[in-house]
Structure formats: structure tokens, C-alpha cells
file target_37.txt (compact mmCIF, C-alpha atoms and all ligand atoms)
# COMPACT_ATOMS: atom_id res chain seq x y z
CA MET V 312 12.91 -23.37 20.56
CA SER V 313 10.07 -21.73 18.64
CA SER V 314 6.51 -21.01 19.76
CA GLU V 315 4.25 -23.58 18.09
CA SER V 316 2.05 -21.26 16.17
CA SER V 317 1.55 -17.63 15.50
CA SER V 318 -0.99 -15.60 13.57
CA ALA V 319 -0.96 -12.11 12.17
CA PHE V 320 -3.40 -9.85 10.37
CA ALA V 321 -2.40 -7.04 8.04
CA PRO V 322 -4.95 -4.72 6.45
CA GLY V 323 -5.22 -3.37 2.93
CA ARG V 324 -5.30 0.37 2.42
CA VAL V 325 -7.15 3.23 0.86
CA ASN V 326 -5.13 6.24 -0.21
CA LEU V 327 -7.16 9.40 0.32
CA ILE V 328 -4.76 11.43 -1.77
CA GLY V 329 -1.06 11.53 -2.80
CA GLU V 330 -0.65 9.11 -5.70
CA HIS V 331 2.74 8.07 -7.12
CA THR V 332 4.35 10.49 -4.67
CA ASP V 333 5.91 7.77 -2.49
CA TYR V 334 8.83 6.82 -4.73
CA ASN V 335 9.22 10.53 -5.57
CA LEU V 336 9.87 11.21 -1.86
CA GLY V 337 6.73 13.33 -1.57
CA LEU V 338 3.60 13.17 0.59
CA ALA V 339 0.56 10.91 0.79
CA LEU V 340 -2.48 10.48 3.07
CA PRO V 341 -3.50 6.80 3.24
CA PHE V 342 -5.39 4.83 5.86
CA ALA V 343 -5.67 1.13 6.72
CA ILE V 344 -9.06 -0.49 6.02
CA ALA V 345 -10.85 -3.22 7.97
CA GLU V 346 -10.28 -5.92 5.33
CA GLY V 347 -6.94 -7.65 5.10
CA VAL V 348 -4.84 -10.79 4.96
CA THR V 349 -4.40 -13.30 7.78
CA VAL V 350 -1.41 -15.62 8.02
CA ARG V 351 -1.35 -18.55 10.44
CA ALA V 352 2.12 -20.00 10.90
CA HIS V 353 2.77 -23.36 12.56
CA GLY V 354 6.20 -24.69 13.45
CA LEU V 355 7.36 -27.58 11.20
CA GLU V 356 9.82 -30.16 12.49
CA PRO V 357 12.93 -30.53 10.28
CA GLY V 358 12.88 -33.38 7.74
CA PRO V 359 14.86 -36.64 8.28
CA SER V 360 17.98 -35.06 6.81
CA GLY V 361 17.64 -32.14 9.22
CA GLU V 362 16.55 -29.79 6.47
CA GLU V 363 14.19 -27.00 7.54
CA ARG V 364 11.39 -26.20 5.08
CA VAL V 365 8.55 -23.75 4.63
CA SER V 366 5.24 -24.83 3.16
CA ALA V 367 2.48 -22.37 2.27
CA TYR V 368 -1.15 -22.75 1.28
CA ALA V 369 -3.40 -19.95 0.04
CA ALA V 370 -6.95 -21.31 0.26
CA ASP V 371 -8.50 -18.56 -1.89
CA LEU V 372 -6.22 -19.35 -4.79
CA ASP V 373 -5.90 -23.04 -3.97
CA GLN V 374 -2.17 -22.51 -4.43
CA ARG V 375 0.54 -24.40 -2.59
CA ASP V 376 4.27 -24.03 -2.35
CA GLU V 377 7.10 -25.68 -0.46
CA PHE V 378 10.76 -24.75 -0.39
CA PRO V 379 13.89 -25.08 1.76
CA LEU V 380 14.71 -22.36 4.30
CA ALA V 381 18.33 -22.26 3.19
CA ASP V 382 18.96 -20.77 -0.27
CA VAL V 383 15.34 -19.90 -1.04
CA PRO V 384 14.80 -20.33 -4.79
CA ALA V 385 13.13 -17.53 -6.81
CA ALA V 386 9.61 -18.12 -8.20
CA GLU V 387 6.98 -16.39 -10.31
CA GLY V 388 3.55 -15.05 -9.34
CA GLY V 389 2.06 -15.46 -5.87
CA ARG V 390 4.85 -17.78 -4.73
CA ALA V 391 7.36 -14.94 -5.00
CA PHE V 392 5.78 -13.18 -2.00
CA VAL V 393 6.23 -16.00 0.50
CA ARG V 394 9.66 -16.96 -0.76
CA GLY V 395 10.76 -13.32 -0.85
CA ILE V 396 9.65 -12.59 2.73
CA VAL V 397 11.35 -15.72 4.07
CA ALA V 398 14.57 -14.93 2.19
CA GLU V 399 14.65 -11.22 3.01
CA LEU V 400 13.98 -11.80 6.72
CA GLN V 401 16.94 -14.16 6.84
CA ARG V 402 19.08 -11.74 4.83
CA ALA V 403 18.25 -9.05 7.40
CA GLY V 404 19.49 -11.40 10.15
CA VAL V 405 15.99 -12.12 11.50
CA PRO V 406 15.61 -15.76 12.56
CA VAL V 407 13.08 -17.79 10.57
CA VAL V 408 12.09 -21.35 11.52
CA GLY V 409 10.64 -24.17 9.44
CA SER V 410 6.93 -23.52 9.18
CA SER V 411 3.66 -24.32 7.55
CA LEU V 412 1.77 -21.16 6.54
CA GLU V 413 -1.97 -20.79 5.92
CA ILE V 414 -2.91 -17.65 4.06
CA GLY V 415 -6.46 -16.32 4.13
CA GLY V 416 -8.43 -13.15 4.71
CA ASN V 417 -11.13 -11.02 3.15
CA LEU V 418 -9.24 -8.60 0.91
CA PRO V 419 -10.00 -8.93 -2.79
CA GLN V 420 -6.92 -9.28 -4.98
CA GLY V 421 -6.43 -7.02 -7.97
CA ALA V 422 -8.84 -4.42 -6.60
CA GLY V 423 -6.09 -1.89 -5.96
CA LEU V 424 -6.42 -2.23 -2.17
CA SER V 425 -2.85 -3.42 -1.61
CA SER V 426 -3.48 -7.09 -1.16
CA SER V 427 0.22 -7.58 -1.95
CA ALA V 428 1.46 -5.36 0.86
CA ALA V 429 -1.07 -6.88 3.28
CA LEU V 430 0.21 -10.35 2.41
CA GLU V 431 3.86 -9.30 2.82
CA VAL V 432 3.25 -7.61 6.18
CA ALA V 433 1.11 -10.46 7.60
CA LEU V 434 3.73 -13.01 6.51
CA ALA V 435 6.55 -11.00 8.03
CA LEU V 436 4.81 -10.52 11.39
CA ALA V 437 3.69 -14.15 11.69
CA LEU V 438 7.15 -15.48 10.76
CA ILE V 439 9.02 -13.09 13.06
CA ASP V 440 6.69 -14.01 15.90
CA LEU V 441 6.88 -17.75 15.28
CA ALA V 442 10.66 -17.72 15.57
CA ASN V 443 10.63 -15.59 18.68
CA PRO V 444 11.54 -17.69 21.71
CA ARG V 445 9.57 -15.62 24.20
CA GLY V 446 6.13 -16.55 22.84
CA ALA V 447 3.44 -14.26 21.62
CA GLU V 448 2.15 -11.19 23.33
CA ALA V 449 -0.69 -10.96 20.90
CA GLY V 450 -2.75 -8.01 19.83
CA THR V 451 -0.19 -5.40 19.05
CA VAL V 452 2.56 -4.90 16.55
CA GLU V 453 4.59 -3.31 19.37
CA SER V 454 5.09 -6.76 20.90
CA HIS V 455 8.46 -8.51 21.00
CA ALA V 456 8.01 -9.41 17.32
CA ILE V 457 9.58 -6.14 16.41
CA ASP V 458 11.97 -5.59 19.27
CA GLU V 459 14.81 -5.55 16.83
CA LEU V 460 13.06 -4.45 13.67
CA ASP V 461 10.84 -1.42 13.89
CA ARG V 462 7.78 -0.98 11.74
CA MET V 463 9.62 1.14 9.20
CA ASP V 464 12.25 -1.61 8.85
CA ILE V 465 9.46 -4.11 8.21
CA ALA V 466 7.91 -1.76 5.62
CA ARG V 467 11.27 -1.46 3.83
CA LEU V 468 11.85 -5.20 3.94
CA CYS V 469 8.40 -5.89 2.45
CA SER V 470 8.97 -3.30 -0.24
CA ARG V 471 12.27 -5.00 -1.14
CA VAL V 472 10.33 -8.22 -1.69
CA GLU V 473 7.96 -6.38 -4.01
CA ASN V 474 10.85 -4.79 -5.94
CA GLU V 475 13.31 -7.67 -6.10
CA TRP V 476 11.20 -10.83 -5.90
CA VAL V 477 7.87 -9.79 -7.46
CA GLY V 478 9.25 -7.26 -9.96
CA ALA V 479 7.01 -4.28 -9.13
CA GLN V 480 9.06 -1.13 -8.54
CA THR V 481 6.58 0.17 -5.96
CA GLY V 482 7.31 2.55 -3.10
CA LEU V 483 6.48 2.34 0.61
CA LEU V 484 2.92 3.69 0.62
CA ASP V 485 1.03 0.43 0.99
CA GLN V 486 3.30 -1.19 3.55
CA ILE V 487 3.38 1.94 5.75
CA ALA V 488 -0.42 2.26 5.61
CA SER V 489 -0.83 -1.39 6.59
CA LEU V 490 1.70 -1.21 9.44
CA TYR V 491 0.81 2.18 10.94
CA GLY V 492 -2.98 2.32 10.43
CA ALA V 493 -5.28 3.17 13.33
CA PRO V 494 -9.08 3.57 13.69
CA ASP V 495 -10.48 6.94 12.59
CA THR V 496 -7.03 8.05 11.52
CA ALA V 497 -5.43 8.91 8.22
CA LEU V 498 -1.64 8.93 8.03
CA CYS V 499 0.21 11.89 6.60
CA VAL V 500 3.36 10.21 5.31
CA ASP V 501 6.43 12.21 4.36
CA PHE V 502 8.47 9.79 2.26
CA ARG V 503 11.67 11.85 2.39
CA ALA V 504 11.79 12.12 6.20
CA LEU V 505 10.03 8.73 6.51
CA ASP V 506 7.77 10.39 9.01
CA VAL V 507 4.21 9.21 9.68
CA ARG V 508 1.85 11.74 11.28
CA PRO V 509 -1.64 10.61 12.39
CA VAL V 510 -4.42 12.94 11.22
CA PRO V 511 -7.88 12.36 12.77
CA LEU V 512 -10.44 11.41 10.10
CA HIS V 513 -13.98 11.73 11.41
CA LEU V 514 -16.57 11.19 8.72
CA GLU V 515 -19.57 12.41 10.79
CA GLY V 516 -22.20 10.94 8.46
CA TRP V 517 -20.14 11.40 5.30
CA ARG V 518 -19.15 8.21 3.50
CA LEU V 519 -16.01 7.08 1.74
CA VAL V 520 -16.79 4.33 -0.74
CA LEU V 521 -14.95 2.20 -3.27
CA LEU V 522 -16.21 1.13 -6.64
CA HIS V 523 -14.30 -1.49 -8.60
CA SER V 524 -13.67 -0.43 -12.18
CA GLY V 525 -13.94 -4.07 -13.21
CA GLU V 526 -10.37 -4.00 -14.47
CA ARG V 527 -7.91 -6.07 -12.52
CA HIS V 528 -4.94 -4.14 -11.23
CA ALA V 529 -1.39 -5.53 -10.93
CA ASN V 530 1.61 -3.24 -10.48
CA ALA V 531 4.18 -5.66 -11.89
CA SER V 532 2.37 -5.99 -15.23
CA SER V 533 0.81 -2.52 -15.64
CA GLY V 534 2.47 0.72 -16.81
CA TYR V 535 3.54 1.33 -13.19
CA ASN V 536 7.24 0.57 -13.69
CA GLN V 537 7.26 2.76 -16.81
CA ARG V 538 5.87 5.73 -14.83
CA ARG V 539 8.52 5.22 -12.22
CA ALA V 540 11.22 5.22 -14.92
CA GLU V 541 9.78 8.43 -16.42
CA CYS V 542 9.95 10.15 -13.03
CA ALA V 543 13.57 9.01 -12.66
CA ARG V 544 14.34 10.45 -16.11
CA ALA V 545 12.73 13.74 -15.12
CA CYS V 546 14.99 13.84 -12.04
CA ALA V 547 18.07 13.12 -14.16
CA LEU V 548 17.16 15.91 -16.62
CA LEU V 549 16.57 18.34 -13.75
CA GLY V 550 19.70 17.25 -11.86
CA VAL V 551 17.75 16.58 -8.64
CA ASP V 552 17.63 13.50 -6.43
CA SER V 553 13.84 13.44 -6.26
CA LEU V 554 10.89 15.33 -7.73
CA ARG V 555 10.27 16.69 -4.21
CA GLU V 556 13.09 19.17 -4.87
CA ALA V 557 12.06 20.02 -8.44
CA ASP V 558 11.57 23.68 -9.31
CA GLN V 559 8.31 24.55 -11.07
CA ASP V 560 9.94 26.71 -13.78
CA ALA V 561 12.56 24.09 -14.55
CA VAL V 562 9.82 21.44 -14.73
CA ALA V 563 7.89 23.56 -17.25
CA ARG V 564 10.92 23.37 -19.59
CA LEU V 565 11.16 19.55 -19.52
CA PRO V 566 10.24 17.54 -22.64
CA ASP V 567 7.07 15.41 -22.54
CA PRO V 568 6.17 13.06 -21.01
CA GLU V 569 8.64 13.96 -18.22
CA ARG V 570 7.13 17.46 -17.84
CA LEU V 571 3.63 16.04 -17.38
CA ARG V 572 4.76 13.44 -14.86
CA ALA V 573 6.71 15.98 -12.78
CA GLN V 574 3.85 18.50 -12.86
CA HIS V 575 1.52 15.86 -11.45
CA ILE V 576 3.91 15.15 -8.59
CA LEU V 577 4.38 18.84 -7.66
CA GLY V 578 0.61 19.45 -7.68
CA GLU V 579 -0.18 16.24 -5.83
CA ASN V 580 2.20 17.04 -2.95
CA GLU V 581 0.46 20.39 -2.56
CA ARG V 582 -2.96 18.71 -2.63
CA VAL V 583 -1.89 16.38 0.20
CA ARG V 584 -0.95 19.40 2.33
CA GLU V 585 -4.32 20.96 1.57
CA ALA V 586 -6.16 17.72 2.31
CA VAL V 587 -4.52 17.55 5.75
CA THR V 588 -5.75 21.09 6.42
CA ALA V 589 -9.23 20.13 5.17
CA LEU V 590 -9.34 17.19 7.62
CA GLU V 591 -7.99 19.30 10.47
CA THR V 592 -10.64 21.95 9.87
CA GLU V 593 -13.32 19.28 9.19
CA ASP V 594 -13.92 20.76 5.75
CA LEU V 595 -15.04 17.63 3.88
CA PRO V 596 -16.44 19.56 0.87
CA ARG V 597 -12.89 20.88 0.30
CA LEU V 598 -11.56 17.32 0.51
CA GLY V 599 -14.02 16.41 -2.28
CA GLU V 600 -12.62 19.18 -4.51
CA LEU V 601 -9.10 17.95 -3.87
CA LEU V 602 -10.07 14.37 -4.81
CA ASN V 603 -11.44 15.68 -8.12
CA ALA V 604 -8.30 17.73 -8.78
CA SER V 605 -6.13 14.69 -8.02
CA HIS V 606 -8.13 12.58 -10.43
CA ALA V 607 -7.84 15.14 -13.23
CA SER V 608 -4.08 15.26 -12.70
CA LEU V 609 -3.73 11.46 -12.67
CA ARG V 610 -5.79 11.25 -15.86
CA ASP V 611 -4.30 14.16 -17.82
CA LEU V 612 -0.74 14.57 -16.52
CA PHE V 613 0.22 11.17 -15.13
CA GLN V 614 -1.96 9.43 -17.72
CA ILE V 615 -2.82 6.29 -15.76
CA SER V 616 -6.60 6.24 -16.16
CA THR V 617 -8.53 3.89 -18.43
CA PRO V 618 -12.04 4.01 -19.92
CA ALA V 619 -13.29 1.60 -17.23
CA VAL V 620 -11.81 3.78 -14.47
CA GLU V 621 -13.39 6.89 -16.02
CA ALA V 622 -16.77 5.15 -16.17
CA ALA V 623 -16.51 4.22 -12.47
CA VAL V 624 -15.58 7.81 -11.50
CA GLN V 625 -18.47 9.15 -13.58
CA SER V 626 -20.93 6.78 -11.96
CA LEU V 627 -19.91 8.04 -8.49
CA MET V 628 -20.12 11.69 -9.61
CA ARG V 629 -23.55 11.16 -11.19
CA ALA V 630 -24.77 9.75 -7.86
CA GLY V 631 -23.77 13.03 -6.20
CA ALA V 632 -20.24 12.36 -4.91
CA SER V 633 -18.43 15.45 -3.62
CA GLY V 634 -15.30 14.01 -5.15
CA ALA V 635 -14.06 10.83 -6.79
CA ARG V 636 -10.74 9.66 -8.08
CA LEU V 637 -8.74 6.70 -9.27
CA MET V 638 -6.68 5.23 -6.49
CA GLY V 639 -3.34 3.45 -6.19
CA GLY V 640 -1.10 2.51 -9.08
CA GLY V 641 -3.73 3.17 -11.79
CA PHE V 642 -4.61 1.19 -14.94
CA GLY V 643 -7.65 -0.39 -13.25
CA GLY V 644 -8.52 -1.32 -9.69
CA SER V 645 -10.94 0.58 -7.46
CA VAL V 646 -11.96 4.23 -7.48
CA LEU V 647 -12.66 6.20 -4.31
CA GLY V 648 -15.67 8.44 -3.76
CA LEU V 649 -16.66 10.84 -0.99
CA PHE V 650 -20.38 11.32 -0.32
CA ALA V 651 -22.10 13.95 1.84
CA PRO V 652 -24.82 12.57 4.17
CA GLU V 653 -27.65 13.60 1.85
CA PHE V 654 -26.42 11.49 -1.10
CA SER V 655 -26.51 7.72 -1.59
CA PRO V 656 -23.65 5.94 -3.33
CA PRO V 657 -24.69 3.85 -6.36
CA PRO V 658 -25.12 0.05 -6.19
CA GLY V 659 -21.90 -1.94 -6.23
CA THR V 660 -19.95 0.34 -3.88
CA ARG V 661 -18.49 -0.69 -0.54
CA ASP V 662 -17.94 1.60 2.42
CA VAL V 663 -14.46 1.96 3.87
CA ARG V 664 -13.36 3.36 7.23
CA PRO V 665 -9.92 3.97 8.72
CA SER V 666 -9.20 0.86 10.81
CA ALA V 667 -6.50 -0.79 12.90
CA GLY V 668 -3.05 -1.47 11.45
CA ALA V 669 -1.24 -4.82 11.28
CA HIS V 670 -1.17 -6.85 14.49
CA LEU V 671 -0.61 -10.28 15.92
CA LEU V 672 -3.72 -12.36 16.62
CA HIS V 673 -4.48 -14.50 19.64
CA ALA V 674 -4.07 -18.18 18.80
C1 LIG O 1 0.78 1.32 -5.74
C2 LIG O 1 2.18 1.15 -5.17
C3 LIG O 1 2.51 2.27 -4.17
C4 LIG O 1 2.22 3.64 -4.75
C5 LIG O 1 0.84 3.68 -5.42
C6 LIG O 1 0.60 4.94 -6.18
O1 LIG O 1 -0.18 1.15 -4.73
O2 LIG O 1 2.28 -0.09 -4.53
O3 LIG O 1 3.86 2.15 -3.77
O4 LIG O 1 3.23 4.05 -5.63
O5 LIG O 1 0.65 2.60 -6.32
O6 LIG O 1 0.49 6.01 -5.29

call {"tool": "encode", "arguments": {"input": "target_37.txt", "output": "C-alpha cells"}}
result
Amino acid sequence: MSSESSSAFAPGRVNLIGEHTDYNLGLALPFAIAEGVTVRAHGLEPGPSGEERVSAYAADLDQRDEFPLADVPAAEGGRAFVRGIVAELQRAGVPVVGSSLEIGGNLPQGAGLSSSAALEVALALALIDLANPRGAEAGTVESHAIDELDRMDIARLCSRVENEWVGAQTGLLDQIASLYGAPDTALCVDFRALDVRPVPLHLEGWRLVLLHSGERHANASSGYNQRRAECARACALLGVDSLREADQDAVARLPDPERLRAQHILGENERVREAVTALETEDLPRLGELLNASHASLRDLFQISTPAVEAAVQSLMRAGASGARLMGGGFGGSVLGLFAPEFSPPPGTRDVRPSAGAHLLHA
């Protein structure tokens, strides 16, 4: 027997620093934001032939889908997320029941805030919970919904959907941020150890803001997969399993663009370590310098900026930001700025704060 309905919320994320380091088994410092995706799942009785089905409706996009639970067919675009989560949960041996899913929330798509990961995580939690015979113990991701799957397993499962169903070769950054987020906390993630260490993030009058570059961001169709392939080629040329192990002198001898990509990763891992120290010592001016250094490296070495992204960064800097940088996969989306209390961010920005991670909602 299944509980009749179940709802889950999963937030988007901001990455303070540590870009493209996740699939290079390096370090990053993201946090979950207040905005996210909500999935309401209702049990659906089997059809006359006994066939169990899943139907999904995303009100924002006015998009519908319906498919059988057994042998989930592949699909393009937004439909790939729901189908992928349903199929991968079953492949992992997690029970899924026939259901009708309503997808909503307040996270803009294509803004580089991980609307994809938020959707995957909210779908996974709502579906796991709906099929759980003990009923919901709402309000926490530590409820029965993940008795058998821990949060890292859910992150990996969601990332598999992104890689194999959606076609974006992304890492685990977004899913981990969404699943492990907590108020006033950034997460120092070590992607080799798969360790998540909470780091208190108290802004004390400082502001972190986002400004949309105006360019829509989508990992599957941007140069993201190409960057990932270039990093893999750099590893092959260096004879290492990941750029985490790469030696600086050996990297300097690589051909371009592999040299540039690897140099970004080495520097970015170091900047994450320094950013953690800056937060621990409440040295926000130093964090601003690190954001600027990260941006320069993403623009010049990783080469994922665009004129619109540069214009957005410049507009934050002109308004007095202590630091600003492109965020996420690159090639558009939102830029992040850090403002000291005496400066005002320009019009069009939105404030972000570290907020709660993914959780079940009371019915
Ligand atoms: C996107 C991907 C993440 C990560 C970032 C870049 O957000 O989904 O896995 O690679 O880009 O840091």
C-alpha cells in the first residue's frame, strides 16, 4: 500500500567558489538558496489492464507527460528529468508506485541556479516517500524516505539522470548543495572523498547578490561537455586519474587548451581552501578578492565567459562589489557579487542567503 500523497521541496544553489572542480574530483563551496522546486506526488490507481503509470504536469511550462512505470521510454527536453528519475529509482531497486506529479516552485530556469538538480532531487524525494508504506514523517530528509538510500546515493542517482537521460555530463555539485544545504552554512565539498563539511557563513550586513546576464544557461547545449572532455584529455596526457593529482610543472608542459583548463582547476582548488579560511576568520574582503581571482581564471584559462557575463560582472564591480564572478557551468546564467554594507547593489540584482536543504513537506 502507498501513502496517498507526498510532497518535497528541493532548493537551487549558489556556488561561492570552486567551479568545474566537481568532475575533476576537487573542491567547491556551494550553498542551498531559499528558492527551489516543489513536487507534489499523488498515488494513481492502476489502469484497467493493471498497468501502473506516471503522469507529470509542470504548470510553469504548461508541459505534460505520461508514461508507463515499466520500461520507461527515453524522451527529450524537460520530460527526460521525470522519466529518468522514475527509471533510475527502479533500477536502483527503490520501489516506485503509479503517481500523478505536479511540479512547481519559484526557481527560475536557465538562470544557472541549478533548477535541473532541484527538480531531480524534489522528484526523487517525493517519489521515494510516496512509495514508502510507513507514511510521511515530514520536514526532514532524514525521514524514512532515505532509510535505504543516503543523501549521497540520491545525489549520485540524480546526477546519473542528468548524464544519461538529459545528456549533460555534469558532476555532483548541484545535487549535493541541494541535498545537504542548511541555513547560514556553506558546504565545503571534497569530491574525491565525497565529504561534505559545513562552514558557517555569516554575512553580518554584507550581501551576496545575483545578477542575471540575460543569457539563458543550459549545460546540455553549452560548451560544458566540451570542457569536461578537455579536462579528461589533460588527465590522459598527464597519466593521472583526476586533475586533483596533477603536478603543476607537468601541467605547464601540456599543449593548449589542456594546459589552460588544468591550470584553472589547480588554482581553483587552492582558492576554495583559501575561501574556507576567509569564512572561518570572517574575512569577507578576502573572499571578495578570491571571487575576482576565480572569475579571471574562468574567463582567461577555462574560457567560459561571454560578453553578456562580462557586462554583468562589470556592472556589479562598478556598483562597488568587493568581488564578482560568473557562476556555475558558464556560457550565460547568473553572476554572483559580494557587497560590503556601505555599498548598494545595482538594480536588477536579487539577494541570496544560505538556506535549508531538500526536505519533505507536510501535506
Ligand atoms: C554546473 C554543473 C555542475 C558543475 C558546475 C560548474 O552547475 O551542473 O556539476 O560542474 O556547472 O562548477

call {"tool": "closest_residue", "arguments": {"input": "target_37.txt", "among": "V:Asp485, V:Glu475, V:Asp501, V:Glu377", "to": "ligand LIG 1 (chain O)", "atoms": "only C-alpha atoms and all ligand atoms"}}
result
V:Asp485

call {"tool": "atom_distance", "arguments": {"input": "target_37.txt", "atom1": "atom CA of Val405 of chain V", "atom2": "atom CA of Arg324 of chain V"}}
result
26.3 Å

call {"tool": "residues_near_ligand", "arguments": {"input": "target_37.txt", "ligand": "ligand LIG 1 (chain O)", "cutoff": "8 Å", "atoms": "all atoms listed in the file", "output": "number ranges by chain"}}
result
V: 326, 329-334, 339, 423-425, 428, 479-485, 530, 535, 638-641

call {"tool": "closest_residue", "arguments": {"input": "target_37.txt", "among": "V:Arg351, V:Arg610, V:Arg471, V:Arg527", "to": "Leu412 of chain V", "atoms": "only C-alpha atoms"}}
result
V:Arg351

call {"tool": "atom_distance", "arguments": {"input": "target_37.txt", "atom1": "atom CA of Ile414 of chain V", "atom2": "atom CA of Ser316 of chain V"}}
result
13.6 Å

call {"tool": "atom_distance", "arguments": {"input": "target_37.txt", "atom1": "atom CA of Ser411 of chain V", "atom2": "atom CA of Val365 of chain V"}}
result
5.7 Å

call {"tool": "residues_near_point", "arguments": {"input": "target_37.txt", "point": "(-13.5, 0.0, -16.8)", "cutoff": "10 Å", "atoms": "all atoms listed in the file", "output": "ChimeraX atom specification"}}
result
/V:523-527,616-624,642-645

call {"tool": "residues_around", "arguments": {"input": "target_37.txt", "residues": "segment 593-600 of chain V", "least_positions_apart": "2", "cutoff": "9 Å", "atoms": "all atoms listed in the file", "output": "PyMOL selection string"}}
result
chain V and resi 512-514+517+585-591+602-605+632-635+648-651

call {"tool": "residues_around", "arguments": {"input": "target_37.txt", "residues": "segment 554-568 of chain V", "least_positions_apart": "5", "cutoff": "6 Å", "atoms": "all atoms listed in the file", "output": "list in words"}}
result
Asn335, Leu336 and Gly337 of chain V

call {"tool": "residues_around", "arguments": {"input": "target_37.txt", "residues": "Val325 of chain V", "least_positions_apart": "3", "cutoff": "10 Å", "atoms": "all atoms listed in the file", "output": "MDAnalysis selection string"}}
result
chainID V and resid 322 328 340:344 423:425 485 488:489 497 519:521 638:639 645:647 663:665

call {"tool": "closest_residue", "arguments": {"input": "target_37.txt", "among": "V:His670, V:His528, V:Arg508, V:Arg584", "to": "Ala422 of chain V", "atoms": "all atoms listed in the file"}}
result
V:His528

call {"tool": "closest_residue", "arguments": {"input": "target_37.txt", "among": "V:Pro658, V:Gly409, V:Gly347, V:Pro652", "to": "Ser427 of chain V", "atoms": "all atoms listed in the file"}}
result
V:Gly347

call {"tool": "closest_residue", "arguments": {"input": "target_37.txt", "among": "V:Asp464, V:Glu569, V:Asp440, V:Glu473", "to": "Leu505 of chain V", "atoms": "only C-alpha atoms"}}
result
V:Asp464

call {"tool": "residues_around", "arguments": {"input": "target_37.txt", "residues": "Leu438 of chain V", "least_positions_apart": "2", "cutoff": "10 Å", "atoms": "all atoms listed in the file", "output": "ChimeraX atom specification"}}
result
/V:316-319,350-354,396-397,400,405-410,412,432-436,440-443,456

call {"tool": "closest_residue", "arguments": {"input": "target_37.txt", "among": "V:Ala367, V:Leu338, V:Val583, V:Leu671", "to": "Ile439 of chain V", "atoms": "only C-alpha atoms"}}
result
V:Leu671

call {"tool": "residues_near_point", "arguments": {"input": "target_37.txt", "point": "(10.0, -10.0, -1.2)", "cutoff": "9 Å", "atoms": "all atoms listed in the file", "output": "list in words"}}
result
Ala391, Phe392, Val393, Arg394, Gly395, Ile396, Val397, Ala398, Glu399, Glu431, Leu468, Cys469, Ser470, Arg471, Val472, Glu473, Asn474, Glu475, Trp476 and Val477 of chain V

call {"tool": "decode", "arguments": {"input": "target_37.txt", "residues": "segment 424-442 of chain V", "atoms": "N, CA and C atoms", "output": "mmCIF file, in the first residue's frame"}}
result
data_model
loop_
_atom_site.group_PDB
_atom_site.id
_atom_site.type_symbol
_atom_site.label_atom_id
_atom_site.label_comp_id
_atom_site.auth_asym_id
_atom_site.auth_seq_id
_atom_site.Cartn_x
_atom_site.Cartn_y
_atom_site.Cartn_z
ATOM 1 N N LEU V 424 21.026 28.504 -11.632
ATOM 2 C CA LEU V 424 20.828 28.279 -10.197
ATOM 3 C C LEU V 424 20.470 26.820 -9.916
ATOM 4 N N SER V 425 20.748 25.960 -10.878
ATOM 5 C CA SER V 425 20.545 24.522 -10.712
ATOM 6 C C SER V 425 19.093 24.130 -10.597
ATOM 7 N N SER V 426 18.280 24.693 -11.470
ATOM 8 C CA SER V 426 16.884 24.272 -11.469
ATOM 9 C C SER V 426 16.787 22.785 -11.831
ATOM 10 N N SER V 427 17.719 22.291 -12.633
ATOM 11 C CA SER V 427 17.678 20.867 -13.012
ATOM 12 C C SER V 427 17.883 19.975 -11.804
ATOM 13 N N ALA V 428 18.924 20.274 -11.023
ATOM 14 C CA ALA V 428 19.212 19.429 -9.860
ATOM 15 C C ALA V 428 18.070 19.521 -8.861
ATOM 16 N N ALA V 429 17.517 20.739 -8.678
ATOM 17 C CA ALA V 429 16.419 20.903 -7.726
ATOM 18 C C ALA V 429 15.224 20.055 -8.152
ATOM 19 N N LEU V 430 14.956 20.035 -9.462
ATOM 20 C CA LEU V 430 13.850 19.218 -9.965
ATOM 21 C C LEU V 430 14.120 17.728 -9.717
ATOM 22 N N GLU V 431 15.334 17.292 -10.038
ATOM 23 C CA GLU V 431 15.674 15.874 -9.850
ATOM 24 C C GLU V 431 15.517 15.455 -8.385
ATOM 25 N N VAL V 432 16.057 16.298 -7.477
ATOM 26 C CA VAL V 432 16.059 15.932 -6.058
ATOM 27 C C VAL V 432 14.624 15.946 -5.513
ATOM 28 N N ALA V 433 13.836 16.968 -5.876
ATOM 29 C CA ALA V 433 12.453 17.032 -5.377
ATOM 30 C C ALA V 433 11.646 15.843 -5.895
ATOM 31 N N LEU V 434 11.854 15.488 -7.165
ATOM 32 C CA LEU V 434 11.155 14.323 -7.725
ATOM 33 C C LEU V 434 11.545 13.061 -6.971
ATOM 34 N N ALA V 435 12.839 12.890 -6.759
ATOM 35 C CA ALA V 435 13.308 11.660 -6.109
ATOM 36 C C ALA V 435 12.720 11.552 -4.708
ATOM 37 N N LEU V 436 12.778 12.636 -3.928
ATOM 38 C CA LEU V 436 12.281 12.552 -2.545
ATOM 39 C C LEU V 436 10.780 12.297 -2.517
ATOM 40 N N ALA V 437 10.025 13.001 -3.371
ATOM 41 C CA ALA V 437 8.562 12.819 -3.350
ATOM 42 C C ALA V 437 8.203 11.388 -3.768
ATOM 43 N N LEU V 438 8.888 10.871 -4.787
ATOM 44 C CA LEU V 438 8.562 9.515 -5.266
ATOM 45 C C LEU V 438 8.975 8.443 -4.256
ATOM 46 N N ILE V 439 10.133 8.615 -3.642
ATOM 47 C CA ILE V 439 10.577 7.634 -2.637
ATOM 48 C C ILE V 439 9.564 7.635 -1.496
ATOM 49 N N ASP V 440 9.163 8.821 -1.073
ATOM 50 C CA ASP V 440 8.262 8.939 0.065
ATOM 51 C C ASP V 440 6.874 8.375 -0.253
ATOM 52 N N LEU V 441 6.410 8.630 -1.475
ATOM 53 C CA LEU V 441 5.072 8.169 -1.856
ATOM 54 C C LEU V 441 4.984 6.642 -1.804
ATOM 55 N N ALA V 442 6.068 5.984 -2.176
ATOM 56 C CA ALA V 442 6.041 4.521 -2.232
ATOM 57 C C ALA V 442 6.338 3.898 -0.887
#
